[in-house]
Every structure is written in structure tokens, then in C-alpha cells.
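*Asks:* If it helps, the file is called entry27.tsv and holds TSV, N, CA and C atoms:
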```tsv
chain	number	residue	atom	x	y	z
A	1	MET	N	7.85	10.94	-1.90
A	1	MET	CA	7.72	11.40	-0.55
A	1	MET	C	6.58	12.41	-0.50
A	2	GLY	N	5.60	12.15	0.36
A	2	GLY	CA	4.41	12.98	0.44
A	2	GLY	C	4.65	14.32	1.11
A	3	ALA	N	3.66	15.19	0.96
A	3	ALA	CA	3.73	16.52	1.56
A	3	ALA	C	3.82	16.43	3.07
A	4	TYR	N	3.23	15.39	3.65
A	4	TYR	CA	3.29	15.24	5.11
A	4	TYR	C	4.72	15.05	5.59
A	5	CYS	N	5.62	14.61	4.73
A	5	CYS	CA	7.02	14.46	5.12
A	5	CYS	C	7.76	15.79	5.07
A	6	ILE	N	7.35	16.65	4.17
A	6	ILE	CA	8.03	17.94	3.99
A	6	ILE	C	7.66	18.93	5.08
A	7	ARG	N	6.38	18.98	5.43
A	7	ARG	CA	5.93	19.98	6.39
A	7	ARG	C	5.73	19.43	7.80
A	8	ALA	N	6.29	18.27	8.07
A	8	ALA	CA	6.10	17.61	9.36
A	8	ALA	C	6.70	18.42	10.50
A	9	LEU	N	5.90	18.60	11.55
A	9	LEU	CA	6.37	19.27	12.75
A	9	LEU	C	6.77	18.27	13.82
A	10	ILE	N	6.46	17.00	13.58
A	10	ILE	CA	6.86	15.95	14.52
A	10	ILE	C	8.01	15.16	13.89
A	11	PRO	N	8.72	14.38	14.69
A	11	PRO	CA	9.87	13.64	14.14
A	11	PRO	C	9.46	12.76	12.96
A	12	ARG	N	10.37	12.65	12.00
A	12	ARG	CA	10.14	11.81	10.82
A	12	ARG	C	11.43	11.09	10.47
A	13	HIS	N	11.29	10.04	9.70
A	13	HIS	CA	12.45	9.28	9.24
A	13	HIS	C	12.11	8.62	7.91
A	14	THR	N	13.13	8.21	7.18
A	14	THR	CA	12.95	7.49	5.93
A	14	THR	C	12.66	6.03	6.26
A	15	ALA	N	11.61	5.50	5.70
A	15	ALA	CA	11.22	4.12	5.96
A	15	ALA	C	12.31	3.17	5.48
A	16	GLN	N	12.50	2.10	6.20
A	16	GLN	CA	13.50	1.08	5.88
A	16	GLN	C	12.80	-0.21	5.46
A	17	VAL	N	13.47	-1.03	4.68
A	17	VAL	CA	12.93	-2.33	4.27
A	17	VAL	C	12.63	-3.14	5.53
A	18	GLY	N	11.44	-3.71	5.58
A	18	GLY	CA	11.02	-4.51	6.72
A	18	GLY	C	10.25	-3.74	7.78
A	19	GLU	N	10.25	-2.43	7.68
A	19	GLU	CA	9.54	-1.62	8.67
A	19	GLU	C	8.04	-1.67	8.39
A	20	VAL	N	7.25	-1.91	9.43
A	20	VAL	CA	5.81	-1.91	9.30
A	20	VAL	C	5.30	-0.51	9.63
A	21	MET	N	4.50	0.04	8.72
A	21	MET	CA	3.96	1.39	8.89
A	21	MET	C	2.44	1.32	8.90
A	22	GLU	N	1.82	2.25	9.59
A	22	GLU	CA	0.36	2.32	9.62
A	22	GLU	C	-0.07	3.66	9.05
A	23	VAL	N	-1.09	3.62	8.21
A	23	VAL	CA	-1.64	4.85	7.63
A	23	VAL	C	-2.70	5.37	8.58
A	24	LEU	N	-2.49	6.56	9.10
A	24	LEU	CA	-3.41	7.18	10.06
A	24	LEU	C	-3.89	8.52	9.51
A	25	TRP	N	-5.01	8.99	10.05
A	25	TRP	CA	-5.55	10.28	9.64
A	25	TRP	C	-5.22	11.32	10.69
A	26	SER	N	-4.77	12.46	10.24
A	26	SER	CA	-4.44	13.58	11.10
A	26	SER	C	-5.17	14.81	10.58
A	27	ASP	N	-5.75	15.61	11.47
A	27	ASP	CA	-6.44	16.82	11.03
A	27	ASP	C	-5.47	17.80	10.38
A	28	TYR	N	-4.22	17.78	10.79
A	28	TYR	CA	-3.24	18.71	10.24
A	28	TYR	C	-2.62	18.21	8.94
A	29	TYR	N	-2.21	16.93	8.93
A	29	TYR	CA	-1.50	16.38	7.77
A	29	TYR	C	-2.42	15.69	6.78
A	30	GLY	N	-3.61	15.30	7.18
A	30	GLY	CA	-4.45	14.44	6.37
A	30	GLY	C	-3.97	13.01	6.59
A	31	ALA	N	-3.98	12.19	5.56
A	31	ALA	CA	-3.48	10.82	5.69
A	31	ALA	C	-1.95	10.86	5.71
A	32	ALA	N	-1.38	10.13	6.66
A	32	ALA	CA	0.09	10.08	6.78
A	32	ALA	C	0.49	8.70	7.26
A	33	MET	N	1.70	8.31	6.92
A	33	MET	CA	2.22	7.00	7.34
A	33	MET	C	3.09	7.17	8.57
A	34	PHE	N	2.80	6.36	9.57
A	34	PHE	CA	3.56	6.40	10.81
A	34	PHE	C	4.28	5.07	10.98
A	35	GLY	N	5.54	5.14	11.32
A	35	GLY	CA	6.35	3.94	11.49
A	35	GLY	C	6.70	3.71	12.94
A	36	ASP	N	7.87	3.15	13.15
A	36	ASP	CA	8.34	2.82	14.49
A	36	ASP	C	8.39	4.07	15.36
A	37	GLY	N	8.00	3.93	16.60
A	37	GLY	CA	8.08	5.03	17.54
A	37	GLY	C	7.12	6.16	17.25
A	38	GLN	N	6.05	5.88	16.48
A	38	GLN	CA	5.05	6.88	16.12
A	38	GLN	C	5.65	8.11	15.43
A	39	GLU	N	6.74	7.90	14.70
A	39	GLU	CA	7.31	8.95	13.86
A	39	GLU	C	6.71	8.83	12.47
A	40	ILE	N	6.63	9.94	11.77
A	40	ILE	CA	6.18	9.89	10.38
A	40	ILE	C	7.24	9.14	9.57
A	41	ALA	N	6.78	8.17	8.79
A	41	ALA	CA	7.68	7.38	7.94
A	41	ALA	C	7.53	7.85	6.51
A	42	CYS	N	8.60	8.31	5.92
A	42	CYS	CA	8.60	8.81	4.55
A	42	CYS	C	9.10	7.71	3.62
A	43	ILE	N	8.35	7.45	2.56
A	43	ILE	CA	8.75	6.43	1.59
A	43	ILE	C	9.91	7.00	0.80
A	44	PRO	N	11.00	6.21	0.64
A	44	PRO	CA	12.23	6.75	0.06
A	44	PRO	C	12.14	7.22	-1.39
A	45	HIS	N	11.42	6.51	-2.27
A	45	HIS	CA	11.40	6.91	-3.68
A	45	HIS	C	10.23	6.27	-4.41
A	46	THR	N	9.89	6.83	-5.56
A	46	THR	CA	8.85	6.27	-6.41
A	46	THR	C	9.28	4.89	-6.88
A	47	GLY	N	8.33	3.97	-6.94
A	47	GLY	CA	8.64	2.62	-7.39
A	47	GLY	C	8.83	1.64	-6.27
A	48	CYS	N	8.77	2.08	-5.03
A	48	CYS	CA	8.91	1.18	-3.89
A	48	CYS	C	7.72	0.22	-3.84
A	49	TRP	N	7.97	-0.96	-3.31
A	49	TRP	CA	6.93	-1.97	-3.16
A	49	TRP	C	6.58	-2.09	-1.70
A	50	LEU	N	5.27	-2.18	-1.44
A	50	LEU	CA	4.78	-2.29	-0.07
A	50	LEU	C	3.88	-3.52	0.03
A	51	GLU	N	4.12	-4.34	1.04
A	51	GLU	CA	3.28	-5.49	1.30
A	51	GLU	C	2.23	-5.10	2.32
A	52	ILE	N	1.00	-5.51	2.08
A	52	ILE	CA	-0.08	-5.22	3.02
A	52	ILE	C	0.01	-6.22	4.16
A	53	THR	N	0.10	-5.73	5.39
A	53	THR	CA	0.18	-6.61	6.55
A	53	THR	C	-1.08	-6.53	7.41
A	54	GLY	N	-1.91	-5.52	7.19
A	54	GLY	CA	-3.16	-5.39	7.93
A	54	GLY	C	-4.14	-4.54	7.14
A	55	THR	N	-5.41	-4.94	7.16
A	55	THR	CA	-6.43	-4.22	6.38
A	55	THR	C	-7.58	-3.79	7.27
A	56	VAL	N	-8.35	-2.87	6.76
A	56	VAL	CA	-9.61	-2.44	7.38
A	56	VAL	C	-10.63	-2.29	6.26
A	57	GLU	N	-11.90	-2.21	6.64
A	57	GLU	CA	-12.94	-1.99	5.64
A	57	GLU	C	-12.92	-0.52	5.23
A	58	THR	N	-13.08	-0.28	3.95
A	58	THR	CA	-13.04	1.08	3.42
A	58	THR	C	-14.15	1.27	2.40
A	59	SER	N	-14.42	2.50	2.01
A	59	SER	CA	-15.50	2.79	1.06
A	59	SER	C	-15.09	2.53	-0.39
A	60	HIS	N	-13.79	2.43	-0.67
A	60	HIS	CA	-13.32	2.19	-2.04
A	60	HIS	C	-13.41	0.70	-2.32
A	61	ARG	N	-14.22	0.30	-3.30
A	61	ARG	CA	-14.49	-1.13	-3.50
A	61	ARG	C	-13.26	-1.94	-3.89
A	62	LYS	N	-12.32	-1.36	-4.62
A	62	LYS	CA	-11.11	-2.11	-4.99
A	62	LYS	C	-10.17	-2.25	-3.79
A	63	VAL	N	-10.12	-1.25	-2.94
A	63	VAL	CA	-9.25	-1.29	-1.77
A	63	VAL	C	-9.80	-2.27	-0.73
A	64	THR	N	-11.11	-2.36	-0.61
A	64	THR	CA	-11.74	-3.29	0.34
A	64	THR	C	-11.37	-4.73	0.01
A	65	ARG	N	-11.09	-5.03	-1.25
A	65	ARG	CA	-10.78	-6.39	-1.66
A	65	ARG	C	-9.32	-6.78	-1.42
A	66	LEU	N	-8.50	-5.84	-0.96
A	66	LEU	CA	-7.10	-6.15	-0.68
A	66	LEU	C	-6.98	-7.05	0.54
A	67	LEU	N	-6.02	-7.95	0.49
A	67	LEU	CA	-5.80	-8.89	1.59
A	67	LEU	C	-4.36	-8.80	2.07
A	68	PRO	N	-4.12	-9.16	3.32
A	68	PRO	CA	-2.73	-9.21	3.79
A	68	PRO	C	-1.89	-10.15	2.92
A	69	GLY	N	-0.69	-9.74	2.62
A	69	GLY	CA	0.20	-10.51	1.76
A	69	GLY	C	0.25	-9.98	0.33
A	70	GLN	N	-0.76	-9.21	-0.07
A	70	GLN	CA	-0.72	-8.63	-1.41
A	70	GLN	C	0.28	-7.48	-1.44
A	71	VAL	N	0.77	-7.18	-2.62
A	71	VAL	CA	1.81	-6.16	-2.79
A	71	VAL	C	1.26	-5.03	-3.65
A	72	ILE	N	1.54	-3.78	-3.25
A	72	ILE	CA	1.16	-2.61	-4.02
A	72	ILE	C	2.42	-1.79	-4.29
A	73	ARG	N	2.34	-0.93	-5.30
A	73	ARG	CA	3.51	-0.14	-5.69
A	73	ARG	C	3.26	1.34	-5.43
A	74	TYR	N	4.24	2.00	-4.88
A	74	TYR	CA	4.15	3.42	-4.57
A	74	TYR	C	4.59	4.26	-5.76
A	75	THR	N	3.81	5.28	-6.07
A	75	THR	CA	4.21	6.29	-7.05
A	75	THR	C	3.88	7.65	-6.45
A	76	HIS	N	4.53	8.66	-6.92
A	76	HIS	CA	4.26	10.01	-6.42
A	76	HIS	C	3.86	10.90	-7.57
A	77	SER	N	2.84	11.69	-7.34
A	77	SER	CA	2.39	12.66	-8.32
A	77	SER	C	2.45	14.03	-7.67
A	78	PHE	N	3.06	14.99	-8.35
A	78	PHE	CA	3.18	16.32	-7.79
A	78	PHE	C	1.81	16.92	-7.50
A	79	LEU	N	0.86	16.70	-8.39
A	79	LEU	CA	-0.48	17.26	-8.22
A	79	LEU	C	-1.38	16.43	-7.31
A	80	LEU	N	-1.24	15.10	-7.37
A	80	LEU	CA	-2.15	14.22	-6.64
A	80	LEU	C	-1.55	13.66	-5.35
A	81	GLY	N	-0.28	13.90	-5.10
A	81	GLY	CA	0.35	13.39	-3.88
A	81	GLY	C	0.71	11.92	-3.98
A	82	ASP	N	0.76	11.25	-2.85
A	82	ASP	CA	1.11	9.83	-2.82
A	82	ASP	C	0.02	9.01	-3.49
A	83	ARG	N	0.44	8.11	-4.37
A	83	ARG	CA	-0.48	7.22	-5.08
A	83	ARG	C	0.05	5.81	-4.93
A	84	PHE	N	-0.86	4.86	-4.94
A	84	PHE	CA	-0.49	3.46	-4.82
A	84	PHE	C	-1.19	2.69	-5.92
A	85	GLU	N	-0.40	1.90	-6.65
A	85	GLU	CA	-0.93	1.11	-7.75
A	85	GLU	C	-1.27	-0.28	-7.25
A	86	LEU	N	-2.54	-0.65	-7.36
A	86	LEU	CA	-3.00	-1.96	-6.94
A	86	LEU	C	-2.67	-2.97	-8.03
A	87	SER	N	-2.83	-4.26	-7.73
A	87	SER	CA	-2.44	-5.30	-8.67
A	87	SER	C	-3.19	-5.23	-10.00
A	88	GLY	N	-4.41	-4.72	-10.03
A	88	GLY	CA	-5.17	-4.64	-11.27
A	88	GLY	C	-4.87	-3.38	-12.07
A	89	GLY	N	-3.97	-2.51	-11.58
A	89	GLY	CA	-3.62	-1.30	-12.28
A	89	GLY	C	-4.33	-0.06	-11.74
A	90	THR	N	-5.30	-0.23	-10.88
A	90	THR	CA	-6.01	0.90	-10.28
A	90	THR	C	-5.07	1.67	-9.37
A	91	ARG	N	-5.15	3.00	-9.43
A	91	ARG	CA	-4.33	3.84	-8.55
A	91	ARG	C	-5.23	4.51	-7.54
A	92	VAL	N	-4.80	4.49	-6.28
A	92	VAL	CA	-5.57	5.10	-5.20
A	92	VAL	C	-4.66	6.02	-4.41
A	93	GLY	N	-5.27	6.97	-3.73
A	93	GLY	CA	-4.51	7.88	-2.88
A	93	GLY	C	-4.29	7.30	-1.50
A	94	LEU	N	-3.41	7.91	-0.76
A	94	LEU	CA	-3.09	7.46	0.60
A	94	LEU	C	-4.32	7.51	1.48
A	95	ARG	N	-5.23	8.45	1.24
A	95	ARG	CA	-6.43	8.57	2.07
A	95	ARG	C	-7.32	7.34	1.98
A	96	HIS	N	-7.24	6.59	0.89
A	96	HIS	CA	-8.03	5.37	0.75
A	96	HIS	C	-7.47	4.23	1.59
A	97	LEU	N	-6.24	4.38	2.07
A	97	LEU	CA	-5.58	3.31	2.82
A	97	LEU	C	-5.51	3.60	4.33
A	98	VAL	N	-6.28	4.57	4.81
A	98	VAL	CA	-6.26	4.89	6.24
A	98	VAL	C	-6.67	3.66	7.04
A	99	GLY	N	-5.85	3.30	8.02
A	99	GLY	CA	-6.09	2.13	8.84
A	99	GLY	C	-5.29	0.91	8.40
A	100	PHE	N	-4.77	0.94	7.18
A	100	PHE	CA	-3.99	-0.18	6.67
A	100	PHE	C	-2.60	-0.19	7.30
A	101	LYS	N	-2.02	-1.37	7.40
A	101	LYS	CA	-0.63	-1.51	7.81
A	101	LYS	C	0.13	-2.02	6.60
A	102	LEU	N	1.25	-1.37	6.32
A	102	LEU	CA	2.06	-1.68	5.14
A	102	LEU	C	3.50	-1.90	5.56
A	103	GLN	N	4.17	-2.78	4.84
A	103	GLN	CA	5.58	-3.06	5.10
A	103	GLN	C	6.38	-2.82	3.83
A	104	LEU	N	7.42	-2.03	3.94
A	104	LEU	CA	8.30	-1.76	2.80
A	104	LEU	C	9.11	-3.03	2.52
A	105	ILE	N	9.08	-3.48	1.26
A	105	ILE	CA	9.79	-4.71	0.90
A	105	ILE	C	10.75	-4.42	-0.24
A	106	PRO	N	11.78	-5.27	-0.41
A	106	PRO	CA	12.66	-5.10	-1.57
A	106	PRO	C	11.89	-5.47	-2.83
A	107	TYR	N	12.47	-5.15	-3.98
A	107	TYR	CA	11.82	-5.46	-5.25
A	107	TYR	C	11.48	-6.95	-5.31
A	108	PRO	N	10.21	-7.29	-5.61
A	108	PRO	CA	9.83	-8.71	-5.63
A	108	PRO	C	10.54	-9.48	-6.74
A	109	LYS	N	10.98	-10.69	-6.41
A	109	LYS	CA	11.70	-11.53	-7.38
A	109	LYS	C	10.75	-12.19	-8.37
A	110	HIS	N	9.54	-12.48	-7.92
A	110	HIS	CA	8.55	-13.12	-8.77
A	110	HIS	C	7.56	-12.07	-9.25
A	111	PRO	N	6.98	-12.25	-10.44
A	111	PRO	CA	5.99	-11.27	-10.91
A	111	PRO	C	4.79	-11.23	-9.96
A	112	ILE	N	4.27	-10.04	-9.76
A	112	ILE	CA	3.12	-9.86	-8.89
A	112	ILE	C	1.88	-10.39	-9.59
A	113	PRO	N	1.15	-11.36	-8.99
A	113	PRO	CA	-0.04	-11.88	-9.66
A	113	PRO	C	-1.16	-10.84	-9.66
A	114	THR	N	-1.90	-10.80	-10.76
A	114	THR	CA	-3.06	-9.91	-10.83
A	114	THR	C	-4.24	-10.60	-10.17
A	115	GLU	N	-5.30	-9.87	-9.97
A	115	GLU	CA	-6.50	-10.44	-9.36
A	115	GLU	C	-7.05	-11.57	-10.23
A	116	ASP	N	-7.02	-11.40	-11.55
A	116	ASP	CA	-7.50	-12.44	-12.46
A	116	ASP	C	-6.67	-13.72	-12.32
A	117	ASP	N	-5.35	-13.59	-12.15
A	117	ASP	CA	-4.49	-14.75	-11.96
A	117	ASP	C	-4.88	-15.51	-10.69
A	118	LEU	N	-5.16	-14.77	-9.61
A	118	LEU	CA	-5.53	-15.40	-8.35
A	118	LEU	C	-6.86	-16.13	-8.47
A	119	VAL	N	-7.85	-15.53	-9.15
A	119	VAL	CA	-9.15	-16.16	-9.33
A	119	VAL	C	-9.01	-17.42	-10.18
A	120	GLU	N	-8.20	-17.33	-11.25
A	120	GLU	CA	-8.00	-18.48	-12.13
A	120	GLU	C	-7.32	-19.63	-11.36
A	121	ARG	N	-6.32	-19.29	-10.57
A	121	ARG	CA	-5.60	-20.30	-9.78
A	121	ARG	C	-6.55	-20.97	-8.79
A	122	LYS	N	-7.41	-20.19	-8.14
A	122	LYS	CA	-8.37	-20.73	-7.18
A	122	LYS	C	-9.35	-21.65	-7.89
A	123	GLY	N	-9.79	-21.27	-9.10
A	123	GLY	CA	-10.70	-22.10	-9.89
A	123	GLY	C	-10.07	-23.44	-10.25
A	124	ARG	N	-8.79	-23.43	-10.62
A	124	ARG	CA	-8.09	-24.68	-10.92
A	124	ARG	C	-7.97	-25.56	-9.70
A	125	ASP	N	-7.70	-24.96	-8.53
A	125	ASP	CA	-7.57	-25.73	-7.29
A	125	ASP	C	-8.88	-26.39	-6.94
A	126	VAL	N	-9.99	-25.67	-7.11
A	126	VAL	CA	-11.31	-26.23	-6.81
A	126	VAL	C	-11.63	-27.36	-7.79
A	127	ALA	N	-11.36	-27.15	-9.08
A	127	ALA	CA	-11.63	-28.17	-10.10
A	127	ALA	C	-10.80	-29.43	-9.84
A	128	ASN	N	-9.57	-29.29	-9.41
A	128	ASN	CA	-8.71	-30.45	-9.14
A	128	ASN	C	-9.14	-31.19	-7.89
A	129	SER	N	-9.77	-30.53	-6.94
A	129	SER	CA	-10.15	-31.18	-5.69
A	129	SER	C	-11.48	-31.91	-5.81
A	130	VAL	N	-12.27	-31.61	-6.86
A	130	VAL	CA	-13.56	-32.27	-7.05
A	130	VAL	C	-13.31	-33.59	-7.78
A	131	THR	N	-13.78	-34.67	-7.19
A	131	THR	CA	-13.62	-35.98	-7.83
A	131	THR	C	-15.01	-36.53	-8.18
A	132	VAL	N	-15.09	-37.23	-9.28
A	132	VAL	CA	-16.37	-37.76	-9.74
A	132	VAL	C	-16.49	-39.19	-9.38
```
Please rewrite the model in this file as C-alpha cells.

*Replies:*
Amino acid sequence: MGAYCIRALIPRHTAQVGEVMEVLWSDYYGAAMFGDGQEIACIPHTGCWLEITGTVETSHRKVTRLLPGQVIRYTHSFLLGDRFELSGGTRVGLRHLVGFKLQLIPYPKHPIPTEDDLVERKGRDVANSVTV
């Protein structure tokens, strides 16, 4: 749970599975997640999984490559605040996700594919579709 949840002066709630949240920038809080009813949405615990439902262009090259449907993992660092682990293992702060829409999901049943797995799968699909 980020600092924006602790010092919030506006209504806040604990995010629920299935809730779509948007990461917005606030001059007072910095980057914060807002859920239903424009309340601050606090992520319940470290290890939660979030599905990306909407993206924007950003300056971080690994974050720019994220697509809707991909899954990231939430971790919390006392010194660094909210952190999110991307599929390749890169960790980014909440500020890198401003403008993104995220949905809290239950623990995924299938292993999360890495970027290399997705590229390899796409290469196989292309090779299978080419006929000589």
C-alpha cells in the first residue's frame, strides 16, 4: 500500500478483484491509483497481480512496450514506494505508469509468459503460415 493511501485526504478504499483503476498524477500525492467513484484505490498486499487494460505512451522504453492483457506484479518497497514487476523482471515505479488503466486480478492459473516467449510464439506462427 503506497504512501498516497496513508496520507490521503480524499476518500479511499481497498481495491477489489475485477476493479479497474487508473494511475493519475496529483501535485499533492504524486502518482496515485484511482478506482471507482474517483476514490483512491489502495492495493491490498504485496504480490497482487494486475492486468493492463489501457496504455499510454511513456518515456520508459520497457513500459511503452506493454500491451493490454499483459499482467504485472505489485511489490512494495519501504524506501522506493510502490513497484511493479514487468514480465521480463524489470521493476518500475508507479510514476512510470501514469495514464495506464489496471485491473486487480486473482492469482493467474497459467504461468505468465515472458516477452521472449511471446516473440518466439509469434515467430512460430509466422513460420507455420508461410507455405512454399

*Asks:* What is the distance between atom CA of A:Ile72 and atom CA of A:Ile52, in Å to one decimal?

*Replies:*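 Taking atom CA of A:Ile72 and atom CA of A:Ile52, their separation equals 7.6 Å.
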
*Asks:* Contacts of A:Ala15 at 8 Å or less, counting only C-alpha atoms, minus same-chain residues fewer than 3 places along, as a list in words?

*Replies:*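 Non-adjacent residues within range: Glu19, Gly35, Ala41, Cys42, Ile43, Pro44 and Leu104 of chain A.
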
*Asks:* What's around A:Ser59 at 12 Å? Count only C-alpha atoms, leave out sequence neighbours fewer than 2 positions away in its own chain, and write the answer as a PyMOL selection string.

*Replies:* chain A and resi 56-57+61-65+92+95-98

*Asks:* Which of stretch 14-75 of chain A end up as strand (DSSP E) when DSSP is run on this backbone - answer as number ranges by chain?

*Replies:* A: 14, 20-26, 30-34, 40-42, 49-54, 71-75

*Asks:* May I ask for the distance between atom CA of A:Ser87 and atom N of A:Glu120, given in Å to one decimal place?

*Replies:* 13.6 Å

*Asks:* Do you know which residues lie at most 7 Å from (-0.3, -6.7, 6.6), with coordinates as in the file and all atoms listed in the file counted, and could you write them as a ChimeraX atom specification?

*Replies:* /A:51-55,67-69,100-103

*Asks:* Work out how far atom CA of A:Glu85 is from atom C of A:Val71, in Å to one decimal.

*Replies:*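 Straight-line distance from atom C of A:Val71 to atom CA of A:Glu85 works out to 7.7 Å.
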
*Asks:* So which residues touch A:His45 within 8 Å, counting only C-alpha atoms, skipping near sequence neighbours fewer than 2 positions away, as a JSON list (two decimals) with N, CA and C atoms, keeping the file's coordinate frame?

*Replies:*
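What ended up in result06.json:
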```json
[["chain", "number", "residue", "atom", "x", "y", "z"],
["A", 1, "MET", "N", 7.85, 10.94, -1.90],
["A", 1, "MET", "CA", 7.72, 11.40, -0.55],
["A", 1, "MET", "C", 6.58, 12.41, -0.50],
["A", 43, "ILE", "N", 8.35, 7.45, 2.56],
["A", 43, "ILE", "CA", 8.75, 6.43, 1.59],
["A", 43, "ILE", "C", 9.91, 7.00, 0.80],
["A", 47, "GLY", "N", 8.33, 3.97, -6.94],
["A", 47, "GLY", "CA", 8.64, 2.62, -7.39],
["A", 47, "GLY", "C", 8.83, 1.64, -6.27],
["A", 48, "CYS", "N", 8.77, 2.08, -5.03],
["A", 48, "CYS", "CA", 8.91, 1.18, -3.89],
["A", 48, "CYS", "C", 7.72, 0.22, -3.84],
["A", 75, "THR", "N", 3.81, 5.28, -6.07],
["A", 75, "THR", "CA", 4.21, 6.29, -7.05],
["A", 75, "THR", "C", 3.88, 7.65, -6.45]]
```

*Asks:* Rank nothing, just name the residue among A:Asp36, A:His76, A:His60, A:Leu66 nearest to A:Met21, using only N, CA and C atoms.

*Replies:*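 For A:Met21, the nearest of the given residues is A:Asp36.
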
*Asks:* Measuring atom to atom with only C-alpha atoms, identify which of A:Gln70, A:Gly30, A:Asp116, A:Gln38 is nearest to A:Gly93.

*Replies:*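 Closest to A:Gly93 of all the choices is A:Gly30.
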